[in-house]
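Below is the file data_5.cif, which contains mmCIF, C-alpha atoms.
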data_query
#
loop_
_atom_site.label_atom_id
_atom_site.label_comp_id
_atom_site.auth_asym_id
_atom_site.auth_seq_id
_atom_site.Cartn_x
_atom_site.Cartn_y
_atom_site.Cartn_z
CA MET A 1 -47.27 -78.02 16.08
CA ALA A 2 -48.27 -76.79 12.62
CA LYS A 3 -49.35 -79.27 9.97
CA GLU A 4 -48.98 -79.18 6.21
CA ARG A 5 -50.99 -81.32 3.80
CA LEU A 6 -49.38 -82.48 0.57
CA HIS A 7 -51.66 -83.84 -2.16
CA PHE A 8 -50.59 -86.37 -4.81
CA ASP A 9 -53.05 -87.09 -7.63
CA GLY A 10 -52.41 -89.97 -9.97
CA TRP A 11 -52.41 -93.75 -10.23
CA ILE A 12 -51.13 -96.64 -8.14
CA GLY A 13 -50.68 -100.06 -9.72
CA ALA A 14 -49.87 -103.25 -7.82
CA LEU A 15 -49.41 -106.88 -8.73
CA GLY A 16 -47.81 -110.09 -7.55
CA THR A 17 -45.80 -112.62 -9.52
CA THR A 18 -45.38 -116.38 -9.24
CA SER A 19 -41.74 -115.82 -8.20
CA GLY A 20 -43.05 -114.18 -5.01
CA THR A 21 -41.87 -110.68 -5.92
CA ARG A 22 -44.56 -108.01 -5.57
CA LEU A 23 -44.48 -104.70 -7.44
CA VAL A 24 -46.16 -101.36 -6.74
CA TRP A 25 -45.75 -98.34 -9.00
CA GLY A 26 -47.00 -94.81 -8.60
CA HIS A 27 -47.58 -92.38 -11.45
CA TRP A 28 -48.21 -88.83 -10.20
CA PRO A 29 -48.96 -86.20 -12.89
CA ARG A 30 -49.80 -83.70 -10.13
CA SER A 31 -47.80 -83.46 -6.91
CA PRO A 32 -45.83 -80.95 -4.80
CA PHE A 33 -42.71 -82.26 -6.61
CA GLY A 34 -44.18 -81.88 -10.09
CA ALA A 35 -44.92 -84.90 -12.26
CA PHE A 36 -42.99 -88.04 -11.30
CA SER A 37 -43.22 -91.81 -11.01
CA ASP A 38 -41.71 -94.26 -8.53
CA VAL A 39 -41.60 -98.01 -7.93
CA MET A 40 -41.65 -100.12 -4.77
CA ILE A 41 -40.49 -103.74 -4.86
CA GLU A 42 -40.89 -106.38 -2.16
CA GLN A 43 -38.82 -109.53 -2.65
CA PRO A 44 -39.94 -113.00 -1.52
CA ASP A 45 -37.55 -112.75 1.47
CA GLY A 46 -39.22 -109.48 2.56
CA GLU A 47 -36.54 -107.06 1.35
CA ARG A 48 -38.19 -103.78 0.29
CA ARG A 49 -36.70 -101.57 -2.43
CA LEU A 50 -37.57 -98.08 -3.57
CA LEU A 51 -36.70 -96.90 -7.08
CA ALA A 52 -37.07 -93.10 -7.23
CA PRO A 53 -36.16 -90.55 -9.93
CA SER A 54 -34.41 -87.99 -7.69
CA ARG A 55 -32.80 -87.74 -4.25
CA ARG A 56 -35.44 -85.25 -3.10
CA ILE A 57 -38.29 -87.62 -3.97
CA ALA A 58 -36.40 -90.63 -2.59
CA ASP A 59 -35.88 -88.86 0.74
CA PHE A 60 -39.55 -87.90 1.01
CA VAL A 61 -40.89 -91.35 0.12
CA ALA A 62 -38.36 -93.11 2.39
CA ALA A 63 -39.47 -90.86 5.27
CA THR A 64 -43.10 -91.89 4.64
CA TYR A 65 -42.62 -95.63 4.02
CA THR A 66 -40.07 -98.28 5.01
CA PHE A 67 -37.37 -99.77 2.76
CA GLU A 68 -34.16 -101.73 3.15
CA ARG A 69 -32.77 -100.33 -0.13
CA VAL A 70 -33.30 -96.94 -1.77
CA GLU A 71 -32.04 -96.36 -5.31
CA VAL A 72 -32.09 -93.12 -7.30
CA LEU A 73 -32.34 -93.77 -11.03
CA PRO A 74 -34.48 -92.87 -14.04
CA VAL A 75 -38.11 -94.00 -13.65
CA GLN A 76 -40.49 -93.80 -16.59
CA VAL A 77 -44.16 -94.78 -16.46
CA ARG A 78 -46.58 -94.23 -19.33
CA SER A 79 -50.01 -95.49 -20.28
CA GLU A 80 -51.54 -96.08 -23.70
CA GLY A 81 -55.17 -97.10 -23.52
CA ASN A 82 -55.30 -100.25 -21.39
CA ARG A 83 -51.53 -100.75 -21.36
CA TRP A 84 -48.98 -99.52 -18.84
CA TYR A 85 -45.22 -99.47 -19.43
CA VAL A 86 -42.85 -99.14 -16.46
CA ARG A 87 -39.09 -98.73 -16.92
CA ALA A 88 -37.01 -98.21 -13.78
CA GLY A 89 -33.35 -99.19 -13.77
CA PRO A 90 -33.31 -103.01 -13.54
CA LEU A 91 -37.12 -103.30 -13.86
CA VAL A 92 -39.02 -103.73 -17.12
CA LEU A 93 -42.76 -104.10 -16.53
CA ASP A 94 -45.56 -104.26 -19.12
CA VAL A 95 -49.15 -104.42 -17.88
CA VAL A 96 -52.53 -104.90 -19.55
CA THR A 97 -55.63 -103.81 -17.64
CA GLY A 98 -59.21 -104.93 -18.10
CA SER A 99 -62.33 -102.83 -18.32
CA ARG A 100 -63.38 -100.64 -15.40
CA THR A 101 -64.88 -102.67 -12.54
CA ALA A 102 -68.29 -102.04 -10.96
CA LEU A 103 -66.46 -100.53 -8.00
CA GLY A 104 -64.48 -98.38 -10.41
CA LEU A 105 -67.71 -97.01 -11.87
CA LEU A 106 -68.86 -96.12 -8.36
CA LEU A 107 -65.54 -94.52 -7.44
CA ARG A 108 -65.66 -92.28 -10.52
CA THR A 109 -68.57 -90.45 -8.93
CA VAL A 110 -66.38 -89.31 -6.00
CA PRO A 111 -65.61 -85.57 -6.41
CA ALA A 112 -61.94 -84.56 -6.16
CA PRO A 113 -62.44 -82.40 -3.03
CA LEU A 114 -64.11 -85.34 -1.26
CA ALA A 115 -61.27 -87.67 -2.25
CA ARG A 116 -58.89 -85.36 -0.38
CA SER A 117 -60.98 -85.42 2.79
CA ARG A 118 -59.62 -87.20 5.84
CA THR A 119 -63.20 -87.77 7.03
CA TRP A 120 -64.04 -89.56 3.76
CA ALA A 121 -60.90 -91.70 4.10
CA ALA A 122 -61.93 -92.65 7.64
CA VAL A 123 -65.38 -93.69 6.40
CA CYS A 124 -63.87 -95.79 3.59
CA ASP A 125 -61.38 -97.36 5.99
CA VAL A 126 -64.17 -99.35 7.66
CA PRO A 127 -65.12 -101.50 4.63
CA ALA A 128 -61.50 -101.49 3.39
CA ARG A 129 -60.45 -103.40 6.52
CA LEU A 130 -62.52 -106.36 5.28
CA LEU A 131 -59.80 -106.91 2.66
CA PRO A 132 -56.49 -108.40 3.91
CA GLY A 133 -53.98 -105.65 4.61
CA VAL A 134 -55.97 -102.85 2.95
CA ARG A 135 -56.28 -99.51 4.76
CA THR A 136 -57.14 -96.01 3.60
CA LEU A 137 -55.94 -94.04 6.64
CA GLY A 138 -52.98 -94.46 8.97
CA SER A 139 -49.61 -93.41 10.30
CA ALA A 140 -46.88 -92.74 7.73
CA GLY A 141 -43.69 -92.38 9.74
CA PRO A 142 -42.81 -90.05 12.61
CA ASP A 143 -45.17 -87.06 12.80
CA ARG A 144 -46.91 -88.05 9.55
CA ARG A 145 -50.40 -89.23 8.64
CA GLU A 146 -51.56 -90.38 5.21
CA TRP A 147 -54.91 -91.12 3.65
CA TYR A 148 -56.13 -92.29 0.27
CA GLY A 149 -59.20 -91.40 -1.75
CA ALA A 150 -59.74 -93.85 -4.64
CA ARG A 151 -61.44 -92.46 -7.75
CA ASP A 152 -61.28 -95.30 -10.30
CA LEU A 153 -60.30 -98.99 -10.49
CA HIS A 154 -59.21 -101.40 -13.23
CA ARG A 155 -58.11 -104.99 -12.68
CA VAL A 156 -54.81 -106.14 -14.18
CA ARG A 157 -55.40 -109.08 -16.52
CA ALA A 158 -51.88 -109.68 -17.87
CA ALA A 159 -48.33 -108.63 -17.01
CA SER A 160 -44.73 -109.31 -17.94
CA ALA A 161 -42.06 -108.35 -15.40
CA ILE A 162 -38.27 -108.61 -15.69
CA LEU A 163 -36.03 -107.57 -12.80
CA GLY A 164 -32.26 -107.56 -13.23
CA GLY A 165 -32.57 -109.67 -16.38
CA ARG A 166 -34.67 -112.35 -14.64
CA HIS A 167 -38.29 -112.97 -15.55
CA LEU A 168 -40.43 -112.84 -12.41
CA GLY A 169 -43.02 -115.34 -13.63
CA ALA A 170 -46.72 -115.11 -14.30
CA LEU A 171 -49.22 -112.66 -12.85
CA ALA A 172 -50.30 -113.55 -9.30
CA PRO A 173 -52.20 -112.00 -6.37
CA VAL A 174 -50.44 -109.48 -4.10
CA ASP A 175 -49.92 -112.17 -1.46
CA PRO A 176 -48.61 -111.84 1.16
CA PRO A 177 -49.63 -108.18 1.45
CA VAL A 178 -46.85 -105.67 0.85
CA ALA A 179 -45.43 -104.03 3.96
CA PHE A 180 -44.08 -100.64 2.90
CA GLY A 181 -46.46 -98.64 5.07
CA PHE A 182 -49.63 -98.83 7.15
CA GLY A 183 -51.62 -100.64 4.46
CA SER A 184 -51.21 -102.93 1.46
CA ALA A 185 -52.57 -102.79 -2.05
CA PRO A 186 -55.63 -104.96 -2.80
CA ARG A 187 -54.91 -108.67 -3.17
CA ALA A 188 -56.26 -108.71 -6.73
CA PRO A 189 -53.75 -107.03 -9.11
CA SER A 190 -55.18 -103.60 -9.86
CA VAL A 191 -54.54 -100.10 -11.14
CA VAL A 192 -56.31 -97.46 -9.05
CA ARG A 193 -56.71 -93.76 -9.65
CA VAL A 194 -56.13 -92.15 -6.28
CA THR A 195 -55.57 -88.94 -4.40
CA SER A 196 -52.99 -89.50 -1.67
CA THR A 197 -52.69 -86.89 1.07
CA VAL A 198 -49.67 -86.81 3.38
CA GLU A 199 -49.96 -84.61 6.47
CA ILE A 200 -46.60 -83.66 7.94
CA ALA A 201 -45.55 -81.74 11.03
CA VAL A 202 -43.67 -78.58 10.09
CA GLY A 203 -42.77 -77.33 13.56
CA PRO A 204 -44.06 -74.39 15.58
CA VAL A 205 -44.83 -71.09 13.95
CA HIS A 206 -42.40 -68.46 15.32
CA ARG A 207 -43.76 -64.91 15.48
CA PRO A 208 -41.64 -61.83 16.23
CA PRO A 209 -42.10 -60.34 19.71
CA SER A 210 -44.63 -57.55 20.04
CA THR A 211 -43.25 -54.02 20.17
CA ALA A 212 -46.45 -52.57 21.68
#
Show the structure stored in the file as structure tokens.
Amino acid sequence: MAKERLHFDGWIGALGTTSGTRLVWGHWPRSPFGAFSDVMIEQPDGERRLLAPSRRIADFVAATYTFERVEVLPVQVRSEGNRWYVRAGPLVLDVVTGSRTALGLLLRTVPAPLARSRTWAAVCDVPARLLPGVRTLGSAGPDRREWYGARDLHRVRAASAILGGRHLGALAPVDPPVAFGFGSAPRAPSVVRVTSTVEIAVGPVHRPPSTA
């Protein structure tokens, strides 16, 4: 069966709140769908929600991860210096990041082609497993594999999150780990520059019969 690799280059942010709700947002300036952003929400009771800006993107993400609710609505994510602003339907999220971590400095030396490599993701998966829930390589739904190549890292030092008019409380670790896919975000609230590669099965290649 033929395989196709789709590359998404951008940022993933993740944080927990004292209410127990955990938030993950993706901001993808470069992707097969063009520039877009999306948000994943896991409630304290385990309900998982996807907020996506179009039906096409919602269908792709929902086929790669697992959600109980999928909502198509405007999603806007922008950054200004060390501040991130996320607006997605009922969610209003403002985030302040700290300076680049020592690991972030190291990750910035990773070349873009290497960040796309499945071999590199497999190597990084070994130390990543030392962190609760964190993986860099795994299954992403039927006939799909996904891997991540991190290229920068900033810790989140402050956040304000309102969902459906209710304040979600103070910044907290991503605990318990989120369960959208094969791996969770780091426990410490973070914003990571990442290249995500999704490998999908596209079916057999059909060639016309020979006329020789």
Practice prompt. May I ask for the distance between CA of Leu91 (chain A) and CA of Ser196 (chain A), given in Å to one decimal place?
Written response: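 If I compute the distance from CA of Leu91 (chain A) to CA of Ser196 (chain A), I get 24.3 Å.
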- Task: To verify the selection step, state as a list in words which residues the PyMOL selection byres ((chain A and resi 44) around 7) yields on this input.
- Result: Gly20, Thr21, Glu42, Gln43, Asp45 and Gly46 of chain A
Requested write-out: C-alpha atoms of the selected residues, as a short mmCIF file (atom, residue, chain, number, x, y, z; two decimals), keeping the file's coordinate frame:
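Written out: part-v2.cif:
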data_model
loop_
_atom_site.label_atom_id
_atom_site.label_comp_id
_atom_site.auth_asym_id
_atom_site.auth_seq_id
_atom_site.Cartn_x
_atom_site.Cartn_y
_atom_site.Cartn_z
CA GLY A 20 -43.05 -114.18 -5.01
CA THR A 21 -41.87 -110.68 -5.92
CA GLU A 42 -40.89 -106.38 -2.16
CA GLN A 43 -38.82 -109.53 -2.65
CA ASP A 45 -37.55 -112.75 1.47
CA GLY A 46 -39.22 -109.48 2.56
#
Excluding region 155-161 of chain A and residues on its chain fewer than 5 positions from it, collect all residues at most 8 Å away from it, counting all atoms listed in the file, and give them as a list in words.
Leu15, Leu91, Val92, Leu93, Asp94, Val95, Val96, Thr97, Gly98, Ser99, Arg100, Thr101, His167, Leu168, Gly169, Ala170, Leu171, Ala188, Pro189, Ser190 and Val191 of chain A
Query raised in the report: Applied to this file, what does the PyMOL selection byres ((chain A and resi 115) around 10) return in terms of residues, put as a ChimeraX atom specification?
Result: /A:9,107,110-114,116-121,147-151,194-197
Next item on the list: Considering only C-alpha atoms, return as a ChimeraX atom specification whatever protein or nucleic-acid residues lie within 7 Å of Gly104 (chain A), sequence-local ones (same chain, fewer than 4 positions apart) excluded.
Entry: /A:100,108,152-154
Using only C-alpha atoms, which residues of region 90-202 of chain A come within 10 Å of region 48-64 of chain A, and what is the closest atom pair for each, with the distance in Å to one decimal? Give it as a tab-separated table, sorted by chain and residue number.
residue	atom	partner	partner_atom	distance
A:Pro90	CA	A:Leu51	CA	9.5
A:Leu91	CA	A:Leu51	CA	9.3
A:Ser139	CA	A:Thr64	CA	8.8
A:Ala140	CA	A:Thr64	CA	5.0
A:Gly141	CA	A:Thr64	CA	5.2
A:Pro142	CA	A:Ala63	CA	8.1
A:Asp143	CA	A:Thr64	CA	9.7
A:Arg144	CA	A:Thr64	CA	7.3
A:Arg145	CA	A:Thr64	CA	8.7
A:Glu146	CA	A:Thr64	CA	8.6
A:Val178	CA	A:Arg48	CA	8.9
A:Ala179	CA	A:Arg48	CA	8.1
A:Phe180	CA	A:Arg48	CA	7.2
A:Gly181	CA	A:Thr64	CA	7.6
A:Phe182	CA	A:Thr64	CA	9.9
A:Val198	CA	A:Thr64	CA	8.4
A:Ile200	CA	A:Thr64	CA	9.5
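Minimum atom-to-atom distance to Val70 (chain A), evaluated using all atoms listed in the file, belongs to A:Ile41 out of A:Gly164, A:Leu106, A:Ala185, A:Ile41.
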re CA of Gly183 (chain A) and CA of Ser37 (chain A): distance 19.7 Å
Where atoms are lacking, region 94-129 of chain A completed to N, CA and C atoms, as a compact mmCIF listing (two decimals), in the frame of the given file:
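Produced file result_15.txt, reproduced below:
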# COMPACT_ATOMS: atom_id res chain seq x y z
N ASP A 94 -44.49 -104.56 -18.18
CA ASP A 94 -45.56 -104.26 -19.12
C ASP A 94 -46.85 -104.84 -18.57
N VAL A 95 -47.90 -104.03 -18.53
CA VAL A 95 -49.15 -104.42 -17.88
C VAL A 95 -50.32 -104.15 -18.82
N VAL A 96 -51.28 -105.07 -18.81
CA VAL A 96 -52.53 -104.90 -19.55
C VAL A 96 -53.66 -104.92 -18.54
N THR A 97 -54.49 -103.87 -18.56
CA THR A 97 -55.63 -103.81 -17.64
C THR A 97 -56.91 -104.21 -18.37
N GLY A 98 -57.90 -104.62 -17.57
CA GLY A 98 -59.21 -104.93 -18.10
C GLY A 98 -60.10 -103.71 -18.05
N SER A 99 -61.37 -103.93 -18.36
CA SER A 99 -62.33 -102.83 -18.32
C SER A 99 -62.54 -102.38 -16.89
N ARG A 100 -63.10 -101.21 -16.73
CA ARG A 100 -63.38 -100.64 -15.40
C ARG A 100 -64.33 -101.57 -14.64
N THR A 101 -64.03 -101.81 -13.36
CA THR A 101 -64.88 -102.67 -12.54
C THR A 101 -66.13 -101.92 -12.08
N ALA A 102 -67.09 -102.67 -11.52
CA ALA A 102 -68.29 -102.04 -10.96
C ALA A 102 -67.90 -101.06 -9.86
N LEU A 103 -66.93 -101.45 -9.03
CA LEU A 103 -66.46 -100.53 -8.00
C LEU A 103 -65.81 -99.31 -8.62
N GLY A 104 -65.09 -99.51 -9.72
CA GLY A 104 -64.48 -98.38 -10.41
C GLY A 104 -65.51 -97.39 -10.90
N LEU A 105 -66.64 -97.90 -11.43
CA LEU A 105 -67.71 -97.01 -11.87
C LEU A 105 -68.25 -96.19 -10.71
N LEU A 106 -68.38 -96.83 -9.55
CA LEU A 106 -68.86 -96.12 -8.36
C LEU A 106 -67.85 -95.07 -7.90
N LEU A 107 -66.58 -95.44 -7.91
CA LEU A 107 -65.54 -94.52 -7.44
C LEU A 107 -65.43 -93.29 -8.34
N ARG A 108 -65.76 -93.42 -9.60
CA ARG A 108 -65.66 -92.28 -10.52
C ARG A 108 -66.65 -91.17 -10.17
N THR A 109 -67.62 -91.48 -9.34
CA THR A 109 -68.57 -90.45 -8.93
C THR A 109 -68.07 -89.63 -7.75
N VAL A 110 -66.92 -90.03 -7.16
CA VAL A 110 -66.38 -89.31 -6.00
C VAL A 110 -65.74 -88.00 -6.46
N PRO A 111 -66.22 -86.85 -6.01
CA PRO A 111 -65.61 -85.57 -6.41
C PRO A 111 -64.19 -85.45 -5.86
N ALA A 112 -63.34 -84.73 -6.58
CA ALA A 112 -61.94 -84.56 -6.16
C ALA A 112 -61.81 -83.98 -4.77
N PRO A 113 -62.58 -82.93 -4.40
CA PRO A 113 -62.44 -82.40 -3.03
C PRO A 113 -62.77 -83.43 -1.96
N LEU A 114 -63.76 -84.30 -2.23
CA LEU A 114 -64.11 -85.34 -1.26
C LEU A 114 -63.01 -86.37 -1.15
N ALA A 115 -62.35 -86.69 -2.27
CA ALA A 115 -61.27 -87.67 -2.25
C ALA A 115 -60.10 -87.21 -1.40
N ARG A 116 -59.98 -85.89 -1.22
CA ARG A 116 -58.89 -85.36 -0.38
C ARG A 116 -59.25 -85.34 1.10
N SER A 117 -60.50 -85.58 1.42
CA SER A 117 -60.98 -85.42 2.79
C SER A 117 -60.53 -86.56 3.70
N ARG A 118 -60.00 -86.19 4.85
CA ARG A 118 -59.62 -87.20 5.84
C ARG A 118 -60.86 -87.90 6.41
N THR A 119 -61.96 -87.18 6.53
CA THR A 119 -63.20 -87.77 7.03
C THR A 119 -63.69 -88.86 6.07
N TRP A 120 -63.63 -88.58 4.76
CA TRP A 120 -64.04 -89.56 3.76
C TRP A 120 -63.13 -90.79 3.82
N ALA A 121 -61.83 -90.57 3.98
CA ALA A 121 -60.90 -91.70 4.10
C ALA A 121 -61.21 -92.56 5.32
N ALA A 122 -61.59 -91.91 6.43
CA ALA A 122 -61.93 -92.65 7.64
C ALA A 122 -63.19 -93.48 7.43
N VAL A 123 -64.17 -92.94 6.70
CA VAL A 123 -65.38 -93.69 6.40
C VAL A 123 -65.05 -94.90 5.52
N CYS A 124 -64.23 -94.70 4.50
CA CYS A 124 -63.87 -95.79 3.59
C CYS A 124 -62.98 -96.83 4.25
N ASP A 125 -62.28 -96.44 5.31
CA ASP A 125 -61.38 -97.36 5.99
C ASP A 125 -62.13 -98.52 6.64
N VAL A 126 -63.38 -98.30 6.99
CA VAL A 126 -64.17 -99.35 7.66
C VAL A 126 -64.40 -100.53 6.73
N PRO A 127 -64.98 -100.34 5.52
CA PRO A 127 -65.12 -101.50 4.63
C PRO A 127 -63.78 -101.99 4.07
N ALA A 128 -62.80 -101.08 3.92
CA ALA A 128 -61.50 -101.49 3.39
C ALA A 128 -60.83 -102.54 4.27
N ARG A 129 -61.06 -102.47 5.59
CA ARG A 129 -60.45 -103.40 6.52
C ARG A 129 -60.95 -104.84 6.33
